[in-house]
$ cat model22.cif   # mmCIF, N, CA and C atoms
data_protein
loop_
_atom_site.label_atom_id
_atom_site.label_comp_id
_atom_site.auth_asym_id
_atom_site.auth_seq_id
_atom_site.Cartn_x
_atom_site.Cartn_y
_atom_site.Cartn_z
N MET A 1 -24.97 -7.79 -25.71
CA MET A 1 -25.83 -6.97 -24.89
C MET A 1 -26.53 -5.93 -25.77
N SER A 2 -27.71 -5.58 -25.36
CA SER A 2 -28.44 -4.58 -26.12
C SER A 2 -27.94 -3.19 -25.76
N GLU A 3 -28.34 -2.23 -26.58
CA GLU A 3 -27.90 -0.84 -26.36
C GLU A 3 -28.45 -0.30 -25.05
N GLU A 4 -29.67 -0.70 -24.70
CA GLU A 4 -30.27 -0.22 -23.46
C GLU A 4 -29.50 -0.73 -22.23
N GLU A 5 -29.07 -1.98 -22.28
CA GLU A 5 -28.28 -2.54 -21.18
C GLU A 5 -26.94 -1.83 -21.05
N LEU A 6 -26.32 -1.51 -22.20
CA LEU A 6 -25.05 -0.79 -22.17
C LEU A 6 -25.24 0.61 -21.59
N ASN A 7 -26.32 1.27 -21.96
CA ASN A 7 -26.61 2.59 -21.40
C ASN A 7 -26.84 2.52 -19.90
N GLN A 8 -27.54 1.49 -19.47
CA GLN A 8 -27.81 1.30 -18.05
C GLN A 8 -26.51 1.06 -17.28
N MET A 9 -25.62 0.26 -17.86
CA MET A 9 -24.33 -0.01 -17.22
C MET A 9 -23.48 1.26 -17.16
N GLN A 10 -23.51 2.06 -18.23
CA GLN A 10 -22.77 3.32 -18.25
C GLN A 10 -23.30 4.28 -17.19
N LEU A 11 -24.63 4.35 -17.06
CA LEU A 11 -25.24 5.20 -16.05
C LEU A 11 -24.83 4.77 -14.65
N GLN A 12 -24.84 3.47 -14.39
CA GLN A 12 -24.44 2.97 -13.08
C GLN A 12 -22.97 3.29 -12.79
N ALA A 13 -22.13 3.18 -13.82
CA ALA A 13 -20.71 3.52 -13.64
C ALA A 13 -20.55 5.00 -13.32
N GLU A 14 -21.31 5.85 -14.00
CA GLU A 14 -21.26 7.29 -13.74
C GLU A 14 -21.74 7.62 -12.33
N ILE A 15 -22.81 6.97 -11.92
CA ILE A 15 -23.35 7.21 -10.58
C ILE A 15 -22.34 6.77 -9.53
N MET A 16 -21.74 5.59 -9.71
CA MET A 16 -20.77 5.09 -8.74
C MET A 16 -19.54 6.00 -8.67
N TRP A 17 -19.10 6.52 -9.82
CA TRP A 17 -17.96 7.42 -9.83
C TRP A 17 -18.29 8.69 -9.06
N CYS A 18 -19.48 9.24 -9.28
CA CYS A 18 -19.89 10.47 -8.59
C CYS A 18 -20.00 10.23 -7.08
N ILE A 19 -20.57 9.09 -6.69
CA ILE A 19 -20.68 8.77 -5.26
C ILE A 19 -19.29 8.66 -4.64
N GLU A 20 -18.39 8.01 -5.36
CA GLU A 20 -17.02 7.84 -4.87
C GLU A 20 -16.33 9.19 -4.70
N GLN A 21 -16.49 10.08 -5.68
CA GLN A 21 -15.87 11.40 -5.60
C GLN A 21 -16.46 12.22 -4.46
N LEU A 22 -17.78 12.13 -4.28
CA LEU A 22 -18.41 12.85 -3.17
C LEU A 22 -17.90 12.32 -1.83
N GLN A 23 -17.76 11.00 -1.73
CA GLN A 23 -17.27 10.39 -0.49
C GLN A 23 -15.83 10.83 -0.21
N PHE A 24 -14.99 10.89 -1.26
CA PHE A 24 -13.62 11.36 -1.09
C PHE A 24 -13.60 12.79 -0.59
N SER A 25 -14.47 13.63 -1.14
CA SER A 25 -14.48 15.03 -0.71
C SER A 25 -14.96 15.17 0.72
N ILE A 26 -15.91 14.33 1.14
CA ILE A 26 -16.36 14.36 2.53
C ILE A 26 -15.24 13.89 3.45
N ASP A 27 -14.57 12.81 3.06
CA ASP A 27 -13.51 12.24 3.89
C ASP A 27 -12.28 13.14 3.98
N SER A 28 -12.09 14.02 3.00
CA SER A 28 -10.91 14.89 3.02
C SER A 28 -10.96 15.88 4.17
N GLY A 29 -12.16 16.26 4.61
CA GLY A 29 -12.30 17.18 5.73
C GLY A 29 -12.10 18.64 5.35
N LYS A 30 -12.01 18.93 4.07
CA LYS A 30 -11.77 20.30 3.63
C LYS A 30 -13.06 21.06 3.35
N LEU A 31 -14.19 20.39 3.40
CA LEU A 31 -15.46 21.02 3.09
C LEU A 31 -16.08 21.66 4.33
N SER A 32 -16.89 22.68 4.07
CA SER A 32 -17.64 23.29 5.18
C SER A 32 -18.79 22.36 5.55
N GLU A 33 -19.43 22.66 6.68
CA GLU A 33 -20.54 21.81 7.14
C GLU A 33 -21.68 21.80 6.13
N LYS A 34 -21.95 22.94 5.53
CA LYS A 34 -23.04 23.02 4.55
C LYS A 34 -22.73 22.16 3.32
N ARG A 35 -21.49 22.23 2.82
CA ARG A 35 -21.10 21.43 1.66
C ARG A 35 -21.12 19.94 2.00
N VAL A 36 -20.74 19.59 3.23
CA VAL A 36 -20.77 18.18 3.65
C VAL A 36 -22.21 17.69 3.68
N SER A 37 -23.12 18.49 4.23
CA SER A 37 -24.52 18.06 4.27
C SER A 37 -25.11 17.98 2.86
N ASP A 38 -24.73 18.90 1.97
CA ASP A 38 -25.19 18.83 0.58
C ASP A 38 -24.65 17.58 -0.11
N ALA A 39 -23.39 17.25 0.16
CA ALA A 39 -22.78 16.06 -0.45
C ALA A 39 -23.48 14.80 0.05
N ARG A 40 -23.80 14.76 1.33
CA ARG A 40 -24.50 13.59 1.87
C ARG A 40 -25.89 13.44 1.26
N LYS A 41 -26.59 14.57 1.08
CA LYS A 41 -27.90 14.53 0.44
C LYS A 41 -27.78 14.03 -1.00
N SER A 42 -26.74 14.48 -1.68
CA SER A 42 -26.52 14.06 -3.07
C SER A 42 -26.23 12.56 -3.13
N ILE A 43 -25.41 12.07 -2.20
CA ILE A 43 -25.11 10.64 -2.17
C ILE A 43 -26.37 9.84 -1.92
N LYS A 44 -27.18 10.30 -0.99
CA LYS A 44 -28.43 9.61 -0.66
C LYS A 44 -29.36 9.57 -1.88
N ALA A 45 -29.45 10.69 -2.60
CA ALA A 45 -30.31 10.73 -3.78
C ALA A 45 -29.76 9.85 -4.90
N LEU A 46 -28.43 9.83 -5.07
CA LEU A 46 -27.83 9.01 -6.12
C LEU A 46 -27.98 7.52 -5.83
N LYS A 47 -27.95 7.14 -4.56
CA LYS A 47 -28.09 5.73 -4.20
C LYS A 47 -29.53 5.24 -4.26
N ASN A 48 -30.48 6.16 -4.17
CA ASN A 48 -31.89 5.78 -4.16
C ASN A 48 -32.34 5.37 -5.56
N PRO A 49 -32.83 4.14 -5.74
CA PRO A 49 -33.27 3.71 -7.07
C PRO A 49 -34.57 4.40 -7.53
N GLN A 50 -35.28 5.04 -6.62
CA GLN A 50 -36.53 5.72 -6.97
C GLN A 50 -36.30 7.14 -7.50
N THR A 51 -35.06 7.63 -7.43
CA THR A 51 -34.75 8.97 -7.90
C THR A 51 -34.87 9.02 -9.42
N PRO A 52 -35.60 10.01 -9.96
CA PRO A 52 -35.75 10.12 -11.42
C PRO A 52 -34.40 10.41 -12.09
N LEU A 53 -34.27 9.97 -13.33
CA LEU A 53 -33.03 10.12 -14.08
C LEU A 53 -32.66 11.59 -14.25
N MET A 54 -33.65 12.44 -14.47
CA MET A 54 -33.39 13.88 -14.65
C MET A 54 -32.73 14.46 -13.40
N LYS A 55 -33.20 14.05 -12.23
CA LYS A 55 -32.65 14.57 -10.98
C LYS A 55 -31.24 14.03 -10.77
N ILE A 56 -31.00 12.78 -11.11
CA ILE A 56 -29.67 12.18 -10.98
C ILE A 56 -28.68 12.95 -11.85
N ARG A 57 -29.05 13.20 -13.11
CA ARG A 57 -28.18 13.94 -14.03
C ARG A 57 -27.93 15.35 -13.52
N ALA A 58 -28.96 15.99 -12.97
CA ALA A 58 -28.81 17.35 -12.45
C ALA A 58 -27.86 17.38 -11.26
N ILE A 59 -27.98 16.41 -10.38
CA ILE A 59 -27.08 16.33 -9.21
C ILE A 59 -25.64 16.14 -9.66
N MET A 60 -25.43 15.24 -10.61
CA MET A 60 -24.08 14.98 -11.08
C MET A 60 -23.51 16.21 -11.79
N ARG A 61 -24.33 16.90 -12.58
CA ARG A 61 -23.87 18.08 -13.30
C ARG A 61 -23.55 19.23 -12.34
N THR A 62 -24.39 19.45 -11.32
CA THR A 62 -24.13 20.55 -10.39
C THR A 62 -22.91 20.30 -9.51
N ASN A 63 -22.66 19.05 -9.17
CA ASN A 63 -21.52 18.75 -8.30
C ASN A 63 -20.20 18.65 -9.05
N PHE A 64 -20.23 18.19 -10.31
CA PHE A 64 -18.99 17.90 -11.01
C PHE A 64 -18.86 18.59 -12.36
N GLY A 65 -19.87 19.31 -12.80
CA GLY A 65 -19.78 19.94 -14.12
C GLY A 65 -19.80 18.89 -15.20
N ASP A 66 -18.75 18.84 -16.03
CA ASP A 66 -18.64 17.84 -17.08
C ASP A 66 -18.04 16.57 -16.48
N PHE A 67 -18.89 15.79 -15.81
CA PHE A 67 -18.40 14.62 -15.08
C PHE A 67 -17.89 13.53 -16.00
N ARG A 68 -18.38 13.46 -17.21
CA ARG A 68 -17.91 12.42 -18.14
C ARG A 68 -16.46 12.68 -18.53
N ALA A 69 -16.12 13.93 -18.77
CA ALA A 69 -14.73 14.26 -19.10
C ALA A 69 -13.82 14.00 -17.91
N LYS A 70 -14.30 14.31 -16.71
CA LYS A 70 -13.51 14.07 -15.51
C LYS A 70 -13.33 12.57 -15.28
N MET A 71 -14.37 11.79 -15.59
CA MET A 71 -14.25 10.33 -15.46
C MET A 71 -13.20 9.81 -16.43
N ALA A 72 -13.22 10.32 -17.67
CA ALA A 72 -12.26 9.87 -18.68
C ALA A 72 -10.83 10.24 -18.27
N ALA A 73 -10.66 11.45 -17.73
CA ALA A 73 -9.33 11.87 -17.28
C ALA A 73 -8.87 11.01 -16.10
N ASP A 74 -9.78 10.71 -15.20
CA ASP A 74 -9.45 9.87 -14.05
C ASP A 74 -9.06 8.47 -14.50
N GLU A 75 -9.80 7.94 -15.45
CA GLU A 75 -9.50 6.60 -15.98
C GLU A 75 -8.16 6.60 -16.71
N LYS A 76 -7.90 7.67 -17.45
CA LYS A 76 -6.64 7.77 -18.19
C LYS A 76 -5.46 7.83 -17.22
N SER A 77 -5.60 8.60 -16.15
CA SER A 77 -4.51 8.70 -15.17
C SER A 77 -4.30 7.36 -14.46
N ALA A 78 -5.39 6.63 -14.23
CA ALA A 78 -5.26 5.31 -13.60
C ALA A 78 -4.51 4.36 -14.53
N LYS A 79 -4.78 4.44 -15.84
CA LYS A 79 -4.07 3.59 -16.79
C LYS A 79 -2.60 3.96 -16.84
N LEU A 80 -2.30 5.25 -16.77
CA LEU A 80 -0.90 5.67 -16.77
C LEU A 80 -0.18 5.18 -15.53
N ASP A 81 -0.86 5.20 -14.40
CA ASP A 81 -0.26 4.71 -13.17
C ASP A 81 0.06 3.23 -13.27
N LEU A 82 -0.81 2.47 -13.94
CA LEU A 82 -0.56 1.04 -14.10
C LEU A 82 0.62 0.81 -15.04
N ASN A 83 0.77 1.67 -16.06
CA ASN A 83 1.89 1.51 -16.99
C ASN A 83 3.21 1.85 -16.31
N LYS A 84 3.20 2.77 -15.35
CA LYS A 84 4.42 3.15 -14.66
C LYS A 84 4.87 2.09 -13.67
N SER A 85 3.92 1.34 -13.15
CA SER A 85 4.27 0.35 -12.13
C SER A 85 5.02 -0.80 -12.77
N LYS A 86 5.92 -1.36 -12.01
CA LYS A 86 6.75 -2.44 -12.51
C LYS A 86 6.50 -3.68 -11.66
N ILE A 87 6.34 -4.79 -12.31
CA ILE A 87 6.14 -6.06 -11.60
C ILE A 87 7.44 -6.84 -11.71
N SER A 88 7.97 -7.19 -10.57
CA SER A 88 9.20 -7.96 -10.56
C SER A 88 9.08 -9.08 -9.54
N GLU A 89 9.92 -10.06 -9.72
CA GLU A 89 9.89 -11.19 -8.80
C GLU A 89 10.67 -10.85 -7.54
N GLY A 90 10.09 -11.20 -6.43
CA GLY A 90 10.77 -10.97 -5.15
C GLY A 90 11.68 -12.13 -4.82
N ASN A 91 12.56 -11.91 -3.90
CA ASN A 91 13.47 -12.96 -3.45
C ASN A 91 12.76 -13.79 -2.39
N ALA A 92 12.13 -14.87 -2.80
CA ALA A 92 11.34 -15.69 -1.88
C ALA A 92 12.21 -16.67 -1.11
N LYS A 93 13.40 -16.93 -1.58
CA LYS A 93 14.27 -17.90 -0.90
C LYS A 93 14.99 -17.22 0.25
N SER A 94 14.93 -17.87 1.37
CA SER A 94 15.60 -17.34 2.56
C SER A 94 16.42 -18.46 3.17
N ASP A 95 17.60 -18.11 3.68
CA ASP A 95 18.47 -19.11 4.28
C ASP A 95 17.96 -19.56 5.64
N LYS A 96 17.36 -18.64 6.38
CA LYS A 96 16.92 -18.95 7.72
C LYS A 96 15.39 -18.93 7.78
N VAL A 97 14.81 -20.01 8.27
CA VAL A 97 13.36 -20.11 8.39
C VAL A 97 13.02 -20.19 9.86
N THR A 98 12.06 -19.41 10.30
CA THR A 98 11.65 -19.40 11.69
C THR A 98 10.21 -19.85 11.77
N PHE A 99 9.94 -20.82 12.63
CA PHE A 99 8.60 -21.32 12.82
C PHE A 99 8.17 -20.97 14.24
N ILE A 100 7.02 -20.31 14.34
CA ILE A 100 6.50 -19.94 15.65
C ILE A 100 5.21 -20.71 15.87
N LYS A 101 5.22 -21.53 16.93
CA LYS A 101 4.05 -22.35 17.23
C LYS A 101 3.13 -21.58 18.15
N LYS A 102 1.86 -21.52 17.79
CA LYS A 102 0.87 -20.86 18.63
C LYS A 102 0.40 -21.82 19.69
N SER A 103 0.08 -21.29 20.85
CA SER A 103 -0.38 -22.16 21.93
C SER A 103 -1.79 -22.64 21.62
N ALA A 104 -2.11 -23.82 22.13
CA ALA A 104 -3.42 -24.42 21.87
C ALA A 104 -4.51 -23.75 22.67
N SER A 105 -4.19 -23.28 23.84
CA SER A 105 -5.20 -22.63 24.67
C SER A 105 -4.62 -21.37 25.27
N LYS A 106 -5.49 -20.45 25.58
CA LYS A 106 -5.06 -19.18 26.15
C LYS A 106 -4.77 -19.31 27.65
N ILE A 107 -5.31 -20.35 28.29
CA ILE A 107 -5.14 -20.52 29.73
C ILE A 107 -3.70 -20.85 30.05
N GLY A 108 -3.08 -21.63 29.25
CA GLY A 108 -1.68 -21.92 29.45
C GLY A 108 -1.42 -23.24 30.15
N SER A 109 -2.43 -23.94 30.61
CA SER A 109 -2.17 -25.21 31.28
C SER A 109 -2.09 -26.31 30.23
N LYS A 110 -1.02 -27.09 30.29
CA LYS A 110 -0.83 -28.16 29.32
C LYS A 110 -1.60 -29.41 29.71
N THR A 111 -2.06 -29.47 30.95
CA THR A 111 -2.76 -30.66 31.42
C THR A 111 -4.25 -30.62 31.08
N GLN A 112 -4.70 -29.53 30.54
CA GLN A 112 -6.13 -29.40 30.25
C GLN A 112 -6.41 -29.94 28.85
N THR A 113 -6.43 -31.25 28.73
CA THR A 113 -6.67 -31.88 27.45
C THR A 113 -8.01 -32.59 27.41
N GLU A 114 -8.78 -32.46 28.49
CA GLU A 114 -10.08 -33.11 28.54
C GLU A 114 -11.04 -32.40 27.61
N LYS A 115 -11.88 -33.16 26.95
CA LYS A 115 -12.89 -32.57 26.08
C LYS A 115 -14.23 -32.70 26.77
N THR A 116 -14.96 -31.62 26.77
CA THR A 116 -16.29 -31.66 27.36
C THR A 116 -17.28 -31.89 26.24
N GLU A 117 -18.27 -32.69 26.55
CA GLU A 117 -19.28 -33.03 25.57
C GLU A 117 -20.43 -32.03 25.67
N PHE A 118 -20.93 -31.59 24.53
CA PHE A 118 -22.02 -30.62 24.51
C PHE A 118 -23.35 -31.36 24.52
N LYS A 119 -24.24 -30.93 25.40
CA LYS A 119 -25.57 -31.52 25.47
C LYS A 119 -26.58 -30.40 25.49
N PHE A 120 -27.68 -30.61 24.80
CA PHE A 120 -28.75 -29.63 24.81
C PHE A 120 -29.48 -29.72 26.15
N GLY A 121 -29.93 -28.60 26.65
CA GLY A 121 -30.62 -28.58 27.93
C GLY A 121 -32.13 -28.47 27.75
N PHE A 122 -32.69 -29.14 26.76
CA PHE A 122 -34.12 -29.06 26.52
C PHE A 122 -34.86 -30.04 27.43
N ASN A 123 -35.96 -29.62 27.97
CA ASN A 123 -36.82 -30.51 28.71
C ASN A 123 -38.03 -30.79 27.82
N VAL A 124 -38.02 -31.95 27.19
CA VAL A 124 -39.09 -32.30 26.29
C VAL A 124 -40.04 -33.26 27.02
N ALA A 125 -41.29 -32.83 27.17
CA ALA A 125 -42.27 -33.67 27.82
C ALA A 125 -42.96 -34.50 26.76
N ASP A 126 -43.13 -35.80 27.05
CA ASP A 126 -43.81 -36.69 26.11
C ASP A 126 -45.30 -36.38 26.15
N GLN A 127 -45.88 -36.23 24.99
CA GLN A 127 -47.29 -35.89 24.92
C GLN A 127 -48.08 -37.02 24.35
#

$ encode --input "model22.cif" --output "structure tokens"
Amino acid sequence: MSEEELNQMQLQAEIMWCIEQLQFSIDSGKLSEKRVSDARKSIKALKNPQTPLMKIRAIMRTNFGDFRAKMAADEKSAKLDLNKSKISEGNAKSDKVTFIKKSASKIGSKTQTEKTEFKFGFNVADQ
């Protein structure tokens, strides 16, 4: 990949991280109405592809300060969480197996086994 494509991918990752953080802050319910409306405006501007790069950077800087450092810390903590997690095999063998059969119809009548044929109701006049 060229350097420009890598920069573009990095920018998209930064934008997505900022949108995600703004969404988390809105969902937390701890913000005032004014901060929630500002966050929504910021999300809308970040999602808009017509927004100039300078404005995108300014929005990210005003909302998160040094967002790149925060992204790196967030990524590092996510890696640590993965290292702490342990993958082990579960006990899949069970002595008792239970099979539950679902009913074929919701009506409950066992005698309703007739199939109805579907026909189109078009009236086509020969021309």

$ atom_distance --input "model22.cif" --atom1 "atom CA of A:Leu46" --atom2 "atom C of A:Ile59"
8.3 Å

$ atom_distance --input "model22.cif" --atom1 "atom CA of A:Phe64" --atom2 "atom CA of A:Met16"
13.1 Å

$ atom_distance --input "model22.cif" --atom1 "atom CA of A:Leu53" --atom2 "atom CA of A:Asp74"
23.6 Å

$ select_by_dssp --input "model22.cif" --residues "stretch 25-93 of chain A" --states "alpha helix (DSSP H)" --output "ChimeraX atom specification"
/A:25-28,33-47,53-64,67-84

$ closest_residue --input "model22.cif" --among "A:Glu3, A:Glu14, A:Arg40, A:Gln8" --to "A:Met71" --atoms "all atoms listed in the file"
A:Glu14

$ closest_residue --input "model22.cif" --among "A:Ser28, A:Ser42, A:Ser2, A:Thr98" --to "A:Arg61" --atoms "only C-alpha atoms"
A:Ser42

$ axis_aligned_box --input "model22.cif" --around "stretch 37-49 of chain A" --padding-each-side "4 Å" --output "lines of an AutoDock Vina configuration file"
center_x = -28.7
center_y = 11.3
center_z = -1.6
size_x = 19.8
size_y = 23.2
size_z = 19.8

$ closest_residue --input "model22.cif" --among "A:Ala72, A:Leu31, A:Ile26, A:Ile19" --to "A:Lys44" --atoms "all atoms listed in the file"
A:Ile19

$ closest_residue --input "model22.cif" --among "A:Ser37, A:Lys47, A:Lys96, A:Gln21" --to "A:Asn63" --atoms "only C-alpha atoms"
A:Gln21

$ closest_residue --input "model22.cif" --among "A:Met9, A:Phe24, A:Trp17, A:Gln50" --to "A:Glu75" --atoms "only C-alpha atoms"
A:Trp17

$ build_atoms --input "model22.cif" --residues "stretch 58-81 of chain A" --atoms "N, CA, C and O atoms" --output "PDB file, keeping the file's coordinate frame"
ATOM      1  N   ALA A  58     -28.960  15.990 -12.970  1.00  0.00           N
ATOM      2  CA  ALA A  58     -28.810  17.350 -12.450  1.00  0.00           C
ATOM      3  C   ALA A  58     -27.860  17.380 -11.260  1.00  0.00           C
ATOM      4  O   ALA A  58     -27.009  18.279 -11.161  1.00  0.00           O
ATOM      5  N   ILE A  59     -27.980  16.410 -10.380  1.00  0.00           N
ATOM      6  CA  ILE A  59     -27.080  16.330  -9.210  1.00  0.00           C
ATOM      7  C   ILE A  59     -25.640  16.140  -9.660  1.00  0.00           C
ATOM      8  O   ILE A  59     -24.724  16.819  -9.171  1.00  0.00           O
ATOM      9  N   MET A  60     -25.430  15.240 -10.610  1.00  0.00           N
ATOM     10  CA  MET A  60     -24.080  14.980 -11.080  1.00  0.00           C
ATOM     11  C   MET A  60     -23.510  16.210 -11.790  1.00  0.00           C
ATOM     12  O   MET A  60     -22.335  16.545 -11.620  1.00  0.00           O
ATOM     13  N   ARG A  61     -24.330  16.900 -12.580  1.00  0.00           N
ATOM     14  CA  ARG A  61     -23.870  18.080 -13.300  1.00  0.00           C
ATOM     15  C   ARG A  61     -23.550  19.230 -12.340  1.00  0.00           C
ATOM     16  O   ARG A  61     -22.542  19.918 -12.507  1.00  0.00           O
ATOM     17  N   THR A  62     -24.390  19.450 -11.320  1.00  0.00           N
ATOM     18  CA  THR A  62     -24.130  20.550 -10.390  1.00  0.00           C
ATOM     19  C   THR A  62     -22.910  20.300  -9.510  1.00  0.00           C
ATOM     20  O   THR A  62     -22.201  21.232  -9.169  1.00  0.00           O
ATOM     21  N   ASN A  63     -22.660  19.050  -9.170  1.00  0.00           N
ATOM     22  CA  ASN A  63     -21.520  18.750  -8.300  1.00  0.00           C
ATOM     23  C   ASN A  63     -20.200  18.650  -9.050  1.00  0.00           C
ATOM     24  O   ASN A  63     -19.150  18.986  -8.517  1.00  0.00           O
ATOM     25  N   PHE A  64     -20.230  18.190 -10.310  1.00  0.00           N
ATOM     26  CA  PHE A  64     -18.990  17.900 -11.010  1.00  0.00           C
ATOM     27  C   PHE A  64     -18.860  18.590 -12.360  1.00  0.00           C
ATOM     28  O   PHE A  64     -17.843  18.429 -13.025  1.00  0.00           O
ATOM     29  N   GLY A  65     -19.870  19.310 -12.800  1.00  0.00           N
ATOM     30  CA  GLY A  65     -19.780  19.940 -14.120  1.00  0.00           C
ATOM     31  C   GLY A  65     -19.800  18.890 -15.200  1.00  0.00           C
ATOM     32  O   GLY A  65     -20.729  18.090 -15.299  1.00  0.00           O
ATOM     33  N   ASP A  66     -18.750  18.840 -16.030  1.00  0.00           N
ATOM     34  CA  ASP A  66     -18.640  17.840 -17.080  1.00  0.00           C
ATOM     35  C   ASP A  66     -18.040  16.570 -16.480  1.00  0.00           C
ATOM     36  O   ASP A  66     -16.844  16.305 -16.611  1.00  0.00           O
ATOM     37  N   PHE A  67     -18.890  15.790 -15.810  1.00  0.00           N
ATOM     38  CA  PHE A  67     -18.400  14.620 -15.080  1.00  0.00           C
ATOM     39  C   PHE A  67     -17.890  13.530 -16.000  1.00  0.00           C
ATOM     40  O   PHE A  67     -17.002  12.771 -15.613  1.00  0.00           O
ATOM     41  N   ARG A  68     -18.380  13.460 -17.210  1.00  0.00           N
ATOM     42  CA  ARG A  68     -17.910  12.420 -18.140  1.00  0.00           C
ATOM     43  C   ARG A  68     -16.460  12.680 -18.530  1.00  0.00           C
ATOM     44  O   ARG A  68     -15.661  11.738 -18.626  1.00  0.00           O
ATOM     45  N   ALA A  69     -16.120  13.930 -18.770  1.00  0.00           N
ATOM     46  CA  ALA A  69     -14.730  14.260 -19.100  1.00  0.00           C
ATOM     47  C   ALA A  69     -13.820  14.000 -17.910  1.00  0.00           C
ATOM     48  O   ALA A  69     -12.696  13.504 -18.064  1.00  0.00           O
ATOM     49  N   LYS A  70     -14.300  14.310 -16.710  1.00  0.00           N
ATOM     50  CA  LYS A  70     -13.510  14.070 -15.510  1.00  0.00           C
ATOM     51  C   LYS A  70     -13.330  12.570 -15.280  1.00  0.00           C
ATOM     52  O   LYS A  70     -12.272  12.129 -14.841  1.00  0.00           O
ATOM     53  N   MET A  71     -14.370  11.790 -15.590  1.00  0.00           N
ATOM     54  CA  MET A  71     -14.250  10.330 -15.460  1.00  0.00           C
ATOM     55  C   MET A  71     -13.200   9.810 -16.430  1.00  0.00           C
ATOM     56  O   MET A  71     -12.376   8.960 -16.070  1.00  0.00           O
ATOM     57  N   ALA A  72     -13.220  10.320 -17.670  1.00  0.00           N
ATOM     58  CA  ALA A  72     -12.260   9.870 -18.680  1.00  0.00           C
ATOM     59  C   ALA A  72     -10.830  10.240 -18.270  1.00  0.00           C
ATOM     60  O   ALA A  72      -9.907   9.432 -18.422  1.00  0.00           O
ATOM     61  N   ALA A  73     -10.660  11.450 -17.730  1.00  0.00           N
ATOM     62  CA  ALA A  73      -9.330  11.870 -17.280  1.00  0.00           C
ATOM     63  C   ALA A  73      -8.870  11.010 -16.100  1.00  0.00           C
ATOM     64  O   ALA A  73      -7.689  10.641 -16.027  1.00  0.00           O
ATOM     65  N   ASP A  74      -9.780  10.710 -15.200  1.00  0.00           N
ATOM     66  CA  ASP A  74      -9.450   9.870 -14.050  1.00  0.00           C
ATOM     67  C   ASP A  74      -9.060   8.470 -14.500  1.00  0.00           C
ATOM     68  O   ASP A  74      -8.087   7.892 -14.002  1.00  0.00           O
ATOM     69  N   GLU A  75      -9.800   7.940 -15.450  1.00  0.00           N
ATOM     70  CA  GLU A  75      -9.500   6.600 -15.980  1.00  0.00           C
ATOM     71  C   GLU A  75      -8.160   6.600 -16.710  1.00  0.00           C
ATOM     72  O   GLU A  75      -7.378   5.655 -16.584  1.00  0.00           O
ATOM     73  N   LYS A  76      -7.900   7.670 -17.450  1.00  0.00           N
ATOM     74  CA  LYS A  76      -6.640   7.770 -18.190  1.00  0.00           C
ATOM     75  C   LYS A  76      -5.460   7.830 -17.220  1.00  0.00           C
ATOM     76  O   LYS A  76      -4.441   7.178 -17.440  1.00  0.00           O
ATOM     77  N   SER A  77      -5.600   8.600 -16.150  1.00  0.00           N
ATOM     78  CA  SER A  77      -4.510   8.700 -15.170  1.00  0.00           C
ATOM     79  C   SER A  77      -4.300   7.360 -14.460  1.00  0.00           C
ATOM     80  O   SER A  77      -3.173   7.001 -14.118  1.00  0.00           O
ATOM     81  N   ALA A  78      -5.390   6.630 -14.230  1.00  0.00           N
ATOM     82  CA  ALA A  78      -5.260   5.310 -13.600  1.00  0.00           C
ATOM     83  C   ALA A  78      -4.510   4.360 -14.530  1.00  0.00           C
ATOM     84  O   ALA A  78      -3.690   3.555 -14.071  1.00  0.00           O
ATOM     85  N   LYS A  79      -4.780   4.440 -15.840  1.00  0.00           N
ATOM     86  CA  LYS A  79      -4.070   3.590 -16.790  1.00  0.00           C
ATOM     87  C   LYS A  79      -2.600   3.960 -16.840  1.00  0.00           C
ATOM     88  O   LYS A  79      -1.732   3.088 -16.944  1.00  0.00           O
ATOM     89  N   LEU A  80      -2.300   5.250 -16.770  1.00  0.00           N
ATOM     90  CA  LEU A  80      -0.900   5.670 -16.770  1.00  0.00           C
ATOM     91  C   LEU A  80      -0.180   5.180 -15.530  1.00  0.00           C
ATOM     92  O   LEU A  80       0.979   4.794 -15.592  1.00  0.00           O
ATOM     93  N   ASP A  81      -0.860   5.200 -14.400  1.00  0.00           N
ATOM     94  CA  ASP A  81      -0.260   4.710 -13.170  1.00  0.00           C
ATOM     95  C   ASP A  81       0.060   3.230 -13.270  1.00  0.00           C
ATOM     96  O   ASP A  81       1.075   2.771 -12.760  1.00  0.00           O
TER      97      ASP A  81
END
